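This is entry_5.cif. It holds mmCIF, C-alpha atoms.
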```cif
data_query
#
loop_
_atom_site.group_PDB
_atom_site.id
_atom_site.type_symbol
_atom_site.label_atom_id
_atom_site.label_comp_id
_atom_site.auth_asym_id
_atom_site.auth_seq_id
_atom_site.Cartn_x
_atom_site.Cartn_y
_atom_site.Cartn_z
ATOM 1 C CA MET X 1313 0.000 0.000 0.000
ATOM 2 C CA GLU X 1314 2.717 2.411 1.087
ATOM 3 C CA ASP X 1315 4.810 1.153 -1.822
ATOM 4 C CA ASP X 1316 2.022 2.056 -4.239
ATOM 5 C CA LYS X 1317 1.847 5.584 -2.824
ATOM 6 C CA LEU X 1318 5.591 6.087 -3.367
ATOM 7 C CA LYS X 1319 5.374 4.531 -6.807
ATOM 8 C CA SER X 1320 2.524 6.788 -7.916
ATOM 9 C CA LEU X 1321 4.266 9.798 -6.369
ATOM 10 C CA PHE X 1322 7.367 9.201 -8.479
ATOM 11 C CA GLU X 1323 5.496 8.080 -11.565
ATOM 12 C CA ASN X 1324 3.572 11.353 -11.564
ATOM 13 C CA PHE X 1325 6.722 13.339 -10.928
ATOM 14 C CA GLU X 1326 7.042 15.705 -13.903
ATOM 15 C CA PRO X 1327 9.438 18.528 -13.072
ATOM 16 C CA GLU X 1328 9.803 21.448 -15.480
ATOM 17 C CA LEU X 1329 12.882 20.758 -17.566
ATOM 18 C CA SER X 1330 14.597 22.900 -20.169
ATOM 19 C CA SER X 1331 13.463 22.003 -23.692
ATOM 20 C CA ASP X 1332 14.731 18.734 -25.162
ATOM 21 C CA PHE X 1333 15.921 20.524 -28.287
ATOM 22 C CA GLN X 1334 17.894 23.029 -26.227
ATOM 23 C CA PHE X 1335 19.478 20.246 -24.168
ATOM 24 C CA VAL X 1336 20.489 18.144 -27.174
ATOM 25 C CA ASN X 1337 21.710 21.244 -28.997
ATOM 26 C CA LYS X 1338 23.924 22.192 -26.054
ATOM 27 C CA LEU X 1339 25.210 18.629 -25.897
ATOM 28 C CA GLN X 1340 26.031 18.715 -29.632
ATOM 29 C CA GLN X 1341 28.055 21.897 -29.065
ATOM 30 C CA ASN X 1342 29.877 20.303 -26.137
ATOM 31 C CA LEU X 1343 30.580 17.197 -28.217
ATOM 32 C CA ASN X 1344 31.993 19.404 -30.997
ATOM 33 C CA SER X 1345 34.412 20.937 -28.489
ATOM 34 C CA VAL X 1346 35.293 17.479 -27.168
ATOM 35 C CA GLU X 1347 36.004 16.288 -30.718
ATOM 36 C CA ILE X 1348 38.281 19.257 -31.399
ATOM 37 C CA ILE X 1349 40.260 18.442 -28.243
ATOM 38 C CA LYS X 1350 40.277 14.735 -29.128
ATOM 39 C CA ARG X 1351 41.579 15.493 -32.625
ATOM 40 C CA HIS X 1352 44.271 17.798 -31.253
ATOM 41 C CA THR X 1353 45.351 15.200 -28.672
ATOM 42 C CA ALA X 1354 45.515 12.519 -31.370
ATOM 43 C CA GLU X 1355 47.614 14.814 -33.582
ATOM 44 C CA VAL X 1356 50.028 15.545 -30.731
ATOM 45 C CA ARG X 1357 50.295 11.845 -29.942
ATOM 46 C CA ALA X 1358 50.954 10.959 -33.590
ATOM 47 C CA ARG X 1359 53.593 13.702 -33.822
ATOM 48 C CA ASN X 1360 55.292 12.397 -30.687
ATOM 49 C CA ARG X 1361 55.262 8.862 -32.018
ATOM 50 C CA LYS X 1362 56.863 9.992 -35.285
ATOM 51 C CA ALA X 1363 59.494 12.025 -33.435
ATOM 52 C CA VAL X 1364 60.333 9.042 -31.207
ATOM 53 C CA ALA X 1365 60.651 6.788 -34.272
ATOM 54 C CA ILE X 1366 62.949 9.297 -36.006
ATOM 55 C CA ALA X 1367 65.033 9.691 -32.833
ATOM 56 C CA ALA X 1368 65.401 5.917 -32.471
ATOM 57 C CA ILE X 1369 66.479 5.541 -36.104
ATOM 58 C CA VAL X 1370 68.987 8.417 -35.890
ATOM 59 C CA GLY X 1371 70.381 7.080 -32.594
ATOM 60 C CA PHE X 1372 70.738 3.596 -34.058
ATOM 61 C CA ILE X 1373 72.446 4.850 -37.247
ATOM 62 C CA VAL X 1374 74.916 7.021 -35.309
ATOM 63 C CA GLY X 1375 75.729 4.162 -32.935
ATOM 64 C CA PHE X 1376 76.073 1.717 -35.825
ATOM 65 C CA LEU X 1377 78.417 3.989 -37.806
ATOM 66 C CA PHE X 1378 80.605 4.624 -34.774
ATOM 67 C CA SER X 1379 80.776 0.931 -33.918
ATOM 68 C CA LEU X 1380 81.806 0.161 -37.533
ATOM 69 C CA SER X 1381 84.788 2.441 -37.115
ATOM 70 C CA LEU X 1382 85.719 0.884 -33.767
ATOM 71 C CA PRO X 1383 88.146 -1.836 -35.111
ATOM 72 C CA TYR X 1384 90.069 0.779 -37.111
ATOM 73 C CA MET X 1385 90.213 3.105 -34.142
ATOM 74 C CA SER X 1386 91.393 0.417 -31.747
ATOM 75 C CA GLU X 1387 94.059 -0.644 -34.254
ATOM 76 C CA ALA X 1388 95.216 2.968 -34.499
ATOM 77 C CA VAL X 1389 95.298 3.257 -30.717
ATOM 78 C CA SER X 1390 97.311 0.008 -30.434
ATOM 79 C CA ASN X 1391 99.846 1.316 -32.924
ATOM 80 C CA TRP X 1392 99.977 4.604 -31.077
ATOM 81 C CA GLN X 1393 100.439 2.745 -27.737
ATOM 82 C CA LEU X 1394 103.600 1.074 -29.118
ATOM 83 C CA THR X 1395 105.205 4.495 -29.464
ATOM 84 C CA LEU X 1396 104.405 5.455 -25.862
ATOM 85 C CA PRO X 1397 106.993 5.099 -23.078
ATOM 86 C CA ARG X 1398 106.130 2.256 -20.625
ATOM 87 C CA GLU X 1399 105.611 4.566 -17.634
ATOM 88 C CA SER X 1400 103.318 6.990 -19.501
ATOM 89 C CA MET X 1401 99.831 7.671 -18.032
ATOM 90 C CA LEU X 1402 98.399 7.496 -21.542
ATOM 91 C CA ASN X 1403 98.931 3.730 -21.440
ATOM 92 C CA THR X 1404 95.986 3.460 -19.063
ATOM 93 C CA PHE X 1405 93.810 5.255 -21.606
ATOM 94 C CA ALA X 1406 95.019 2.977 -24.396
ATOM 95 C CA ASP X 1407 94.468 -0.175 -22.273
ATOM 96 C CA ASN X 1408 90.890 0.809 -21.514
ATOM 97 C CA PHE X 1409 90.191 2.208 -24.958
ATOM 98 C CA ILE X 1410 87.348 -0.245 -25.769
ATOM 99 C CA ILE X 1411 85.384 0.666 -22.643
ATOM 100 C CA ILE X 1412 85.904 4.386 -23.216
ATOM 101 C CA ALA X 1413 85.026 4.038 -26.907
ATOM 102 C CA TRP X 1414 81.726 2.234 -26.125
ATOM 103 C CA LEU X 1415 80.836 4.901 -23.554
ATOM 104 C CA VAL X 1416 81.502 7.619 -26.118
ATOM 105 C CA ILE X 1417 79.490 5.755 -28.789
ATOM 106 C CA GLY X 1418 76.580 5.292 -26.380
ATOM 107 C CA GLY X 1419 76.641 8.914 -25.261
ATOM 108 C CA THR X 1420 76.876 10.234 -28.801
ATOM 109 C CA SER X 1421 73.989 8.025 -29.955
ATOM 110 C CA VAL X 1422 71.774 9.171 -27.082
ATOM 111 C CA LEU X 1423 72.646 12.813 -27.720
ATOM 112 C CA ALA X 1424 71.965 12.444 -31.429
ATOM 113 C CA ALA X 1425 68.640 10.736 -30.682
ATOM 114 C CA LEU X 1426 67.579 13.445 -28.208
ATOM 115 C CA ASN X 1427 68.515 16.237 -30.587
ATOM 116 C CA SER X 1428 66.785 14.648 -33.548
ATOM 117 C CA TYR X 1429 63.672 14.139 -31.359
ATOM 118 C CA GLU X 1430 63.595 17.825 -30.471
ATOM 119 C CA ILE X 1431 64.343 18.967 -34.021
ATOM 120 C CA SER X 1432 61.776 16.684 -35.665
ATOM 121 C CA LEU X 1433 59.164 17.664 -33.076
ATOM 122 C CA SER X 1434 59.724 21.373 -33.649
ATOM 123 C CA LEU X 1435 59.672 20.890 -37.429
ATOM 124 C CA MET X 1436 56.420 18.952 -37.241
ATOM 125 C CA LYS X 1437 54.882 21.552 -34.932
ATOM 126 C CA ARG X 1438 55.366 24.281 -37.536
ATOM 127 C CA PRO X 1439 54.457 22.784 -40.892
ATOM 128 C CA ASN X 1440 53.918 26.267 -42.378
ATOM 129 C CA ILE X 1441 57.531 27.260 -41.742
ATOM 130 C CA SER X 1442 58.911 24.135 -43.403
ATOM 131 C CA LEU X 1443 56.595 24.675 -46.365
ATOM 132 C CA ARG X 1444 57.803 28.248 -46.709
ATOM 133 C CA LEU X 1445 61.429 27.073 -46.542
ATOM 134 C CA HIS X 1446 60.784 24.456 -49.235
ATOM 135 C CA SER X 1447 59.130 26.951 -51.519
ATOM 136 C CA ARG X 1448 62.086 29.351 -51.418
ATOM 137 C CA MET S 126 29.435 3.679 -31.704
ATOM 138 C CA THR S 127 29.004 6.520 -34.192
ATOM 139 C CA ARG S 128 28.040 10.016 -33.091
ATOM 140 C CA GLU S 129 24.649 9.713 -34.810
ATOM 141 C CA LEU S 130 23.911 6.491 -32.945
ATOM 142 C CA PHE S 131 25.057 8.064 -29.706
ATOM 143 C CA ILE S 132 22.788 11.080 -30.235
ATOM 144 C CA SER S 133 19.856 8.778 -30.982
ATOM 145 C CA HIS S 134 20.519 7.026 -27.656
ATOM 146 C CA VAL S 135 20.700 10.439 -25.960
ATOM 147 C CA GLU S 136 17.393 11.501 -27.457
ATOM 148 C CA ALA S 137 15.780 8.282 -26.297
ATOM 149 C CA THR S 138 17.071 8.478 -22.733
ATOM 150 C CA GLN S 139 17.557 12.142 -21.870
ATOM 151 C CA LYS S 140 14.071 12.911 -20.592
ATOM 152 C CA ALA S 141 13.947 10.098 -18.021
ATOM 153 C CA PHE S 142 17.575 10.692 -17.125
ATOM 154 C CA ARG S 143 17.087 14.418 -16.491
ATOM 155 C CA ARG S 144 13.908 13.762 -14.535
ATOM 156 C CA PHE S 145 15.849 11.352 -12.328
ATOM 157 C CA LEU S 146 18.682 13.862 -11.904
ATOM 158 C CA VAL S 147 16.327 16.703 -10.952
ATOM 159 C CA ALA S 148 14.957 14.506 -8.172
ATOM 160 C CA LEU S 149 18.468 13.383 -7.205
ATOM 161 C CA CYS S 150 19.573 17.048 -7.049
ATOM 162 C CA CYS S 151 16.494 17.812 -4.933
ATOM 163 C CA GLY S 152 14.972 20.136 -7.509
ATOM 164 C CA ASP S 153 18.113 21.964 -8.613
ATOM 165 C CA ALA S 154 17.342 21.840 -12.337
ATOM 166 C CA ALA S 155 20.484 23.744 -13.344
ATOM 167 C CA LEU S 156 22.747 21.337 -11.474
ATOM 168 C CA ALA S 157 20.778 18.394 -12.873
ATOM 169 C CA ASP S 158 21.324 19.690 -16.425
ATOM 170 C CA ASP S 159 25.047 20.188 -15.772
ATOM 171 C CA VAL S 160 25.375 16.674 -14.392
ATOM 172 C CA ALA S 161 23.403 15.312 -17.365
ATOM 173 C CA GLN S 162 25.623 17.132 -19.887
ATOM 174 C CA GLU S 163 28.790 15.983 -18.135
ATOM 175 C CA SER S 164 27.514 12.404 -17.935
ATOM 176 C CA TYR S 165 26.707 12.263 -21.644
ATOM 177 C CA ILE S 166 30.120 13.704 -22.511
ATOM 178 C CA LYS S 167 31.808 11.089 -20.314
ATOM 179 C CA ALA S 168 29.698 8.424 -21.988
ATOM 180 C CA TYR S 169 30.635 9.728 -25.441
ATOM 181 C CA LEU S 170 34.336 9.689 -24.575
ATOM 182 C CA SER S 171 34.202 6.064 -23.517
ATOM 183 C CA CYS S 172 31.516 4.830 -25.902
ATOM 184 C CA ASP S 173 34.128 3.048 -28.058
ATOM 185 C CA SER S 174 34.688 0.586 -25.237
ATOM 186 C CA PHE S 175 30.951 0.201 -24.677
ATOM 187 C CA THR S 176 29.756 -2.941 -26.428
ATOM 188 C CA ASN S 177 26.184 -3.493 -25.296
ATOM 189 C CA PRO S 178 23.838 -0.811 -26.713
ATOM 190 C CA GLU S 179 20.814 -2.465 -25.066
ATOM 191 C CA LYS S 180 22.239 -1.523 -21.684
ATOM 192 C CA PHE S 181 22.877 2.110 -22.614
ATOM 193 C CA ASN S 182 20.154 3.244 -20.230
ATOM 194 C CA ALA S 183 21.629 1.530 -17.171
ATOM 195 C CA TRP S 184 25.112 2.625 -18.232
ATOM 196 C CA ILE S 185 24.171 6.313 -18.460
ATOM 197 C CA PHE S 186 22.416 6.140 -15.086
ATOM 198 C CA LYS S 187 25.566 4.679 -13.582
ATOM 199 C CA ILE S 188 27.690 7.469 -15.070
ATOM 200 C CA GLY S 189 25.117 10.028 -13.916
ATOM 201 C CA TYR S 190 25.135 8.693 -10.374
ATOM 202 C CA ASN S 191 28.954 8.752 -10.219
ATOM 203 C CA THR S 192 29.073 12.257 -11.716
ATOM 204 C CA PHE S 193 26.545 13.460 -9.156
ATOM 205 C CA ILE S 194 28.560 11.925 -6.292
ATOM 206 C CA ASN S 195 31.743 13.561 -7.636
ATOM 207 C CA HIS S 196 29.961 16.927 -7.840
ATOM 208 C CA LYS S 197 28.754 16.499 -4.307
ATOM 209 C CA ARG S 198 32.229 15.644 -3.084
ATOM 210 C CA SER S 199 33.975 18.460 -4.925
ATOM 211 C CA GLU S 200 31.491 21.202 -4.203
ATOM 212 C CA ARG S 201 30.485 19.894 -0.799
ATOM 213 C CA LEU S 202 26.875 20.675 -1.496
ATOM 214 C CA THR S 203 25.448 21.988 1.712
ATOM 215 C CA VAL S 204 22.080 23.158 0.485
ATOM 216 C CA GLY S 205 20.003 23.232 3.589
ATOM 217 C CA ILE S 206 16.317 22.546 3.892
ATOM 218 C CA GLU S 207 15.613 26.256 4.015
ATOM 219 C CA ASP S 208 17.599 26.802 0.804
ATOM 220 C CA ALA S 209 15.784 23.933 -0.904
ATOM 221 C CA LYS S 210 12.593 25.976 -0.776
ATOM 222 C CA ASP S 211 14.100 28.561 -3.110
ATOM 223 C CA ILE S 212 15.528 26.127 -5.626
ATOM 224 C CA THR S 213 14.409 26.801 -9.224
ATOM 225 C CA ALA S 214 12.065 29.435 -7.876
ATOM 226 C CA HIS S 215 13.239 31.962 -10.464
ATOM 227 C CA ASP S 216 12.256 30.377 -13.731
ATOM 228 C CA ASN S 217 9.637 27.792 -12.895
ATOM 229 C CA ALA S 218 8.245 28.720 -9.551
ATOM 230 C CA ASP S 219 4.969 26.836 -10.008
ATOM 231 C CA SER S 220 6.662 23.542 -10.741
ATOM 232 C CA SER S 221 9.142 24.039 -7.916
ATOM 233 C CA PHE S 222 6.342 24.817 -5.500
ATOM 234 C CA ALA S 223 4.386 21.751 -6.564
ATOM 235 C CA TYR S 224 7.255 19.468 -5.560
ATOM 236 C CA GLN S 225 8.581 21.534 -2.692
ATOM 237 C CA ASP S 226 7.680 18.927 -0.067
ATOM 238 C CA LEU S 227 9.151 16.134 -2.151
ATOM 239 C CA TYR S 228 12.413 18.018 -2.716
ATOM 240 C CA GLU S 229 12.686 18.815 0.966
ATOM 241 C CA ALA S 230 12.091 15.189 1.877
ATOM 242 C CA LEU S 231 14.596 13.982 -0.735
ATOM 243 C CA ASN S 232 17.125 16.497 0.512
ATOM 244 C CA ARG S 233 16.851 15.067 4.011
ATOM 245 C CA ILE S 234 17.771 11.505 3.071
ATOM 246 C CA PRO S 235 21.329 10.404 2.214
ATOM 247 C CA ALA S 236 22.310 10.339 -1.479
ATOM 248 C CA LYS S 237 22.638 6.542 -1.580
ATOM 249 C CA GLU S 238 19.149 6.002 -0.163
ATOM 250 C CA ARG S 239 17.772 8.707 -2.464
ATOM 251 C CA THR S 240 19.362 7.091 -5.520
ATOM 252 C CA SER S 241 18.083 3.627 -4.629
ATOM 253 C CA VAL S 242 14.557 4.916 -4.028
ATOM 254 C CA LEU S 243 14.502 6.958 -7.243
ATOM 255 C CA LEU S 244 15.906 4.186 -9.391
ATOM 256 C CA PHE S 245 13.468 1.687 -7.910
ATOM 257 C CA TYR S 246 10.269 3.733 -7.854
ATOM 258 C CA MET S 247 10.839 6.259 -10.607
ATOM 259 C CA GLN S 248 12.801 4.240 -13.154
ATOM 260 C CA GLY S 249 11.550 0.782 -12.231
ATOM 261 C CA TYR S 250 14.992 -0.822 -11.987
ATOM 262 C CA SER S 251 15.382 -4.116 -10.167
ATOM 263 C CA ILE S 252 17.498 -4.412 -7.025
ATOM 264 C CA LYS S 253 20.157 -6.255 -9.017
ATOM 265 C CA GLU S 254 20.320 -3.475 -11.615
ATOM 266 C CA ILE S 255 20.482 -0.792 -8.918
ATOM 267 C CA ALA S 256 23.341 -2.674 -7.261
ATOM 268 C CA GLY S 257 25.144 -2.585 -10.638
ATOM 269 C CA ILE S 258 24.515 1.134 -11.091
ATOM 270 C CA GLN S 259 25.645 2.009 -7.565
ATOM 271 C CA ASP S 260 28.513 -0.486 -7.562
ATOM 272 C CA THR S 261 27.332 -2.089 -4.378
ATOM 273 C CA THR S 262 25.778 -5.328 -3.143
ATOM 274 C CA GLN S 263 22.118 -6.253 -3.456
ATOM 275 C CA ASP S 264 21.847 -6.431 0.343
ATOM 276 C CA ALA S 265 23.114 -2.859 0.616
ATOM 277 C CA VAL S 266 20.533 -1.712 -1.949
ATOM 278 C CA LYS S 267 17.758 -3.486 -0.016
ATOM 279 C CA GLN S 268 18.916 -1.711 3.120
ATOM 280 C CA HIS S 269 19.047 1.675 1.355
ATOM 281 C CA LEU S 270 15.575 1.102 -0.064
ATOM 282 C CA SER S 271 14.121 0.099 3.249
ATOM 283 C CA ARG S 272 15.662 3.033 5.097
ATOM 284 C CA GLY S 273 14.876 5.479 2.288
ATOM 285 C CA ARG S 274 11.254 4.352 2.213
ATOM 286 C CA THR S 275 10.885 4.752 5.950
ATOM 287 C CA HIS S 276 12.514 8.183 5.938
ATOM 288 C CA LEU S 277 10.512 9.421 2.953
ATOM 289 C CA ARG S 278 7.244 8.185 4.452
ATOM 290 C CA GLY S 279 8.046 10.037 7.649
ATOM 291 C CA TYR S 280 8.952 13.277 5.908
ATOM 292 C CA LEU S 281 6.117 13.116 3.400
ATOM 293 C CA SER S 282 3.365 12.033 5.778
ATOM 294 C CA ASN S 283 1.916 15.540 5.803
ATOM 295 C CA SER S 284 2.433 16.248 2.141
ATOM 296 C CA MET S 285 -0.510 16.739 -0.169
ATOM 297 C CA HIS S 286 1.204 14.617 -2.821
ATOM 298 C CA TYR S 287 1.384 11.648 -0.527
ATOM 299 C CA GLY S 288 -2.306 10.983 -0.294
ATOM 300 C CA ARG S 289 -2.845 12.497 3.109
#
```

Mind converting the file's structure to structure tokens?
Amino acid sequence: MEDDKLKSLFENFEPELSSDFQFVNKLQQNLNSVEIIKRHTAEVRARNRKAVAIAAIVGFIVGFLFSLSLPYMSEAVSNWQLTLPRESMLNTFADNFIIIAWLVIGGTSVLAALNSYEISLSLMKRPNISLRLHSR
Amino acid sequence: MTRELFISHVEATQKAFRRFLVALCCGDAALADDVAQESYIKAYLSCDSFTNPEKFNAWIFKIGYNTFINHKRSERLTVGIEDAKDITAHDNADSSFAYQDLYEALNRIPAKERTSVLLFYMQGYSIKEIAGIQDTTQDAVKQHLSRGRTHLRGYLSNSMHYGR
């Protein structure tokens, strides 16, 4: 009985709402704004992904090229070590050349990757500038 | 889900949803509309992961309930019973006056009880569905319903809408 009273109370509840058209229209406008933001976020994400890919490729190429030259460099260092006096401090450098060389290769690759990431990102952010440069 | 399909779902559900939110917000139609807009936007943003269009109604009510709770938490709504009398009095005073007792009574009961009562009596959801919407157990919903009913009966006993 009491349940029926509550049920009929809420079933007959008809508050004055703003018009349906107005509500849906406002929602459409909000969804348009949301889509603009979504599109912008997707563009930024795609740009970042491209920049990361370019950075990885550049880093890999730099590292690869340096490591290709490593045998020649170590041979040159060995030859140079033969000319050094036994008590020279430079012998330590020559003995540990491989470790130092790999550290330098790693550092250079990372630096190259970071720089190419920044450069590619800034180039992609300003497509108009690059177009203007190409057209000159 | 395409935007057109989403809008068709909105058009089908918005009236009942807004009616529910007005009651949940104790007659604050502006807040109810804000919560409804925010809920639909949240739904739109995650509608790609939503796979069951038949359950859109229950899904939007769940989002609406959570959005309302978040609003309540962030704004710390402290609209008192005296303030509830003035709600929506500017633009639709007649309608507000007609449900003044109901809004006051709804404002006096906790949000969880209010939601359970509204979903059960206004929207006709089952206890299981309400438990899903409120992310709680069926026993908790039964308890909310029982308490909400008792409280509402007490507060509405003198109301003209309650068949005095």

Applying the PyMOL selection byres ((chain S and resi 253) around 12) to the file I just gave you, which residues come out? Please list them as a VMD selection string.
chain S and resid 183 241 244 to 245 249 to 252 254 to 267

Any chance you could work out the residue set of the PyMOL selection byres ((chain X) within 10 of (chain S)) here, as a compact mmCIF listing (two decimals) with C-alpha atoms, in the frame of the given file?
```txt
# COMPACT_ATOMS: atom_id res chain seq x y z
CA GLU X 1314 2.72 2.41 1.09
CA ASP X 1315 4.81 1.15 -1.82
CA ASP X 1316 2.02 2.06 -4.24
CA LYS X 1317 1.85 5.58 -2.82
CA LEU X 1318 5.59 6.09 -3.37
CA LYS X 1319 5.37 4.53 -6.81
CA SER X 1320 2.52 6.79 -7.92
CA LEU X 1321 4.27 9.80 -6.37
CA PHE X 1322 7.37 9.20 -8.48
CA GLU X 1323 5.50 8.08 -11.56
CA ASN X 1324 3.57 11.35 -11.56
CA PHE X 1325 6.72 13.34 -10.93
CA GLU X 1326 7.04 15.70 -13.90
CA PRO X 1327 9.44 18.53 -13.07
CA GLU X 1328 9.80 21.45 -15.48
CA LEU X 1329 12.88 20.76 -17.57
CA SER X 1330 14.60 22.90 -20.17
CA SER X 1331 13.46 22.00 -23.69
CA ASP X 1332 14.73 18.73 -25.16
CA PHE X 1333 15.92 20.52 -28.29
CA PHE X 1335 19.48 20.25 -24.17
CA VAL X 1336 20.49 18.14 -27.17
CA LYS X 1338 23.92 22.19 -26.05
CA LEU X 1339 25.21 18.63 -25.90
CA GLN X 1340 26.03 18.72 -29.63
CA ASN X 1342 29.88 20.30 -26.14
CA LEU X 1343 30.58 17.20 -28.22
CA VAL X 1346 35.29 17.48 -27.17
CA GLU X 1347 36.00 16.29 -30.72
CA LYS X 1350 40.28 14.74 -29.13
```

Could you please determine the separation between CA of Arg1359 (chain X) and CA of Lys1437 (chain X) in Å, to one decimal place?
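For CA of Arg1359 (chain X) relative to CA of Lys1437 (chain X), the distance reads 8.0 Å.
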
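Put simply, CA of Met1436 (chain X) is 20.8 Å away from CA of Val1422 (chain X).
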
Can you measure CA of Ile1369 (chain X) to CA of Arg1351 (chain X) for me? One decimal in Å is fine.
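That distance, rounded to one decimal, is 27.0 Å.
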
Residues at most 12 Å from region 1413-1417 of chain X, counting only C-alpha atoms, excluding those fewer than 2 positions away in the same chain, as number ranges by chain?
X: 1371-1386, 1389, 1405-1411, 1419-1424

Using the chain letters and numbering of this document, enumerate as number ranges by chain the residues selected by the PyMOL selection byres ((chain X and resi 1430) around 12).
X: 1359-1360, 1362-1364, 1366-1367, 1423-1429, 1431-1437

Missing atoms of region 222-237 of chain S rebuilt to N, CA and C atoms, written as a PDB file, keeping the file's coordinate frame:
```pdb
ATOM      1  N   PHE S 222       7.238  24.794  -6.646  1.00  0.00           N
ATOM      2  CA  PHE S 222       6.342  24.817  -5.500  1.00  0.00           C
ATOM      3  C   PHE S 222       5.561  23.509  -5.391  1.00  0.00           C
ATOM      4  N   ALA S 223       5.175  22.985  -6.545  1.00  0.00           N
ATOM      5  CA  ALA S 223       4.386  21.751  -6.564  1.00  0.00           C
ATOM      6  C   ALA S 223       5.143  20.594  -5.918  1.00  0.00           C
ATOM      7  N   TYR S 224       6.468  20.582  -6.089  1.00  0.00           N
ATOM      8  CA  TYR S 224       7.255  19.468  -5.560  1.00  0.00           C
ATOM      9  C   TYR S 224       8.121  19.884  -4.361  1.00  0.00           C
ATOM     10  N   GLN S 225       7.767  21.014  -3.779  1.00  0.00           N
ATOM     11  CA  GLN S 225       8.581  21.534  -2.692  1.00  0.00           C
ATOM     12  C   GLN S 225       8.752  20.512  -1.555  1.00  0.00           C
ATOM     13  N   ASP S 226       7.630  19.903  -1.164  1.00  0.00           N
ATOM     14  CA  ASP S 226       7.680  18.927  -0.067  1.00  0.00           C
ATOM     15  C   ASP S 226       8.555  17.733  -0.440  1.00  0.00           C
ATOM     16  N   LEU S 227       8.384  17.292  -1.679  1.00  0.00           N
ATOM     17  CA  LEU S 227       9.151  16.134  -2.151  1.00  0.00           C
ATOM     18  C   LEU S 227      10.648  16.457  -2.160  1.00  0.00           C
ATOM     19  N   TYR S 228      10.999  17.639  -2.670  1.00  0.00           N
ATOM     20  CA  TYR S 228      12.413  18.018  -2.716  1.00  0.00           C
ATOM     21  C   TYR S 228      12.993  18.134  -1.309  1.00  0.00           C
ATOM     22  N   GLU S 229      12.213  18.691  -0.420  1.00  0.00           N
ATOM     23  CA  GLU S 229      12.686  18.815   0.966  1.00  0.00           C
ATOM     24  C   GLU S 229      12.916  17.436   1.573  1.00  0.00           C
ATOM     25  N   ALA S 230      11.967  16.552   1.334  1.00  0.00           N
ATOM     26  CA  ALA S 230      12.091  15.189   1.877  1.00  0.00           C
ATOM     27  C   ALA S 230      13.291  14.475   1.270  1.00  0.00           C
ATOM     28  N   LEU S 231      13.460  14.631  -0.058  1.00  0.00           N
ATOM     29  CA  LEU S 231      14.596  13.982  -0.735  1.00  0.00           C
ATOM     30  C   LEU S 231      15.919  14.549  -0.236  1.00  0.00           C
ATOM     31  N   ASN S 232      15.911  15.844   0.043  1.00  0.00           N
ATOM     32  CA  ASN S 232      17.125  16.497   0.512  1.00  0.00           C
ATOM     33  C   ASN S 232      17.533  16.002   1.906  1.00  0.00           C
ATOM     34  N   ARG S 233      16.564  15.504   2.642  1.00  0.00           N
ATOM     35  CA  ARG S 233      16.851  15.067   4.011  1.00  0.00           C
ATOM     36  C   ARG S 233      17.456  13.672   4.070  1.00  0.00           C
ATOM     37  N   ILE S 234      17.252  12.883   3.009  1.00  0.00           N
ATOM     38  CA  ILE S 234      17.771  11.505   3.071  1.00  0.00           C
ATOM     39  C   ILE S 234      19.127  11.418   2.359  1.00  0.00           C
ATOM     40  N   PRO S 235      19.998  10.515   2.817  1.00  0.00           N
ATOM     41  CA  PRO S 235      21.329  10.404   2.214  1.00  0.00           C
ATOM     42  C   PRO S 235      21.258  10.068   0.715  1.00  0.00           C
ATOM     43  N   ALA S 236      22.298  10.489  -0.008  1.00  0.00           N
ATOM     44  CA  ALA S 236      22.310  10.339  -1.479  1.00  0.00           C
ATOM     45  C   ALA S 236      22.141   8.883  -1.911  1.00  0.00           C
ATOM     46  N   LYS S 237      22.731   7.954  -1.178  1.00  0.00           N
ATOM     47  CA  LYS S 237      22.638   6.542  -1.580  1.00  0.00           C
ATOM     48  C   LYS S 237      21.202   6.038  -1.459  1.00  0.00           C
TER      49      LYS S 237
END
```
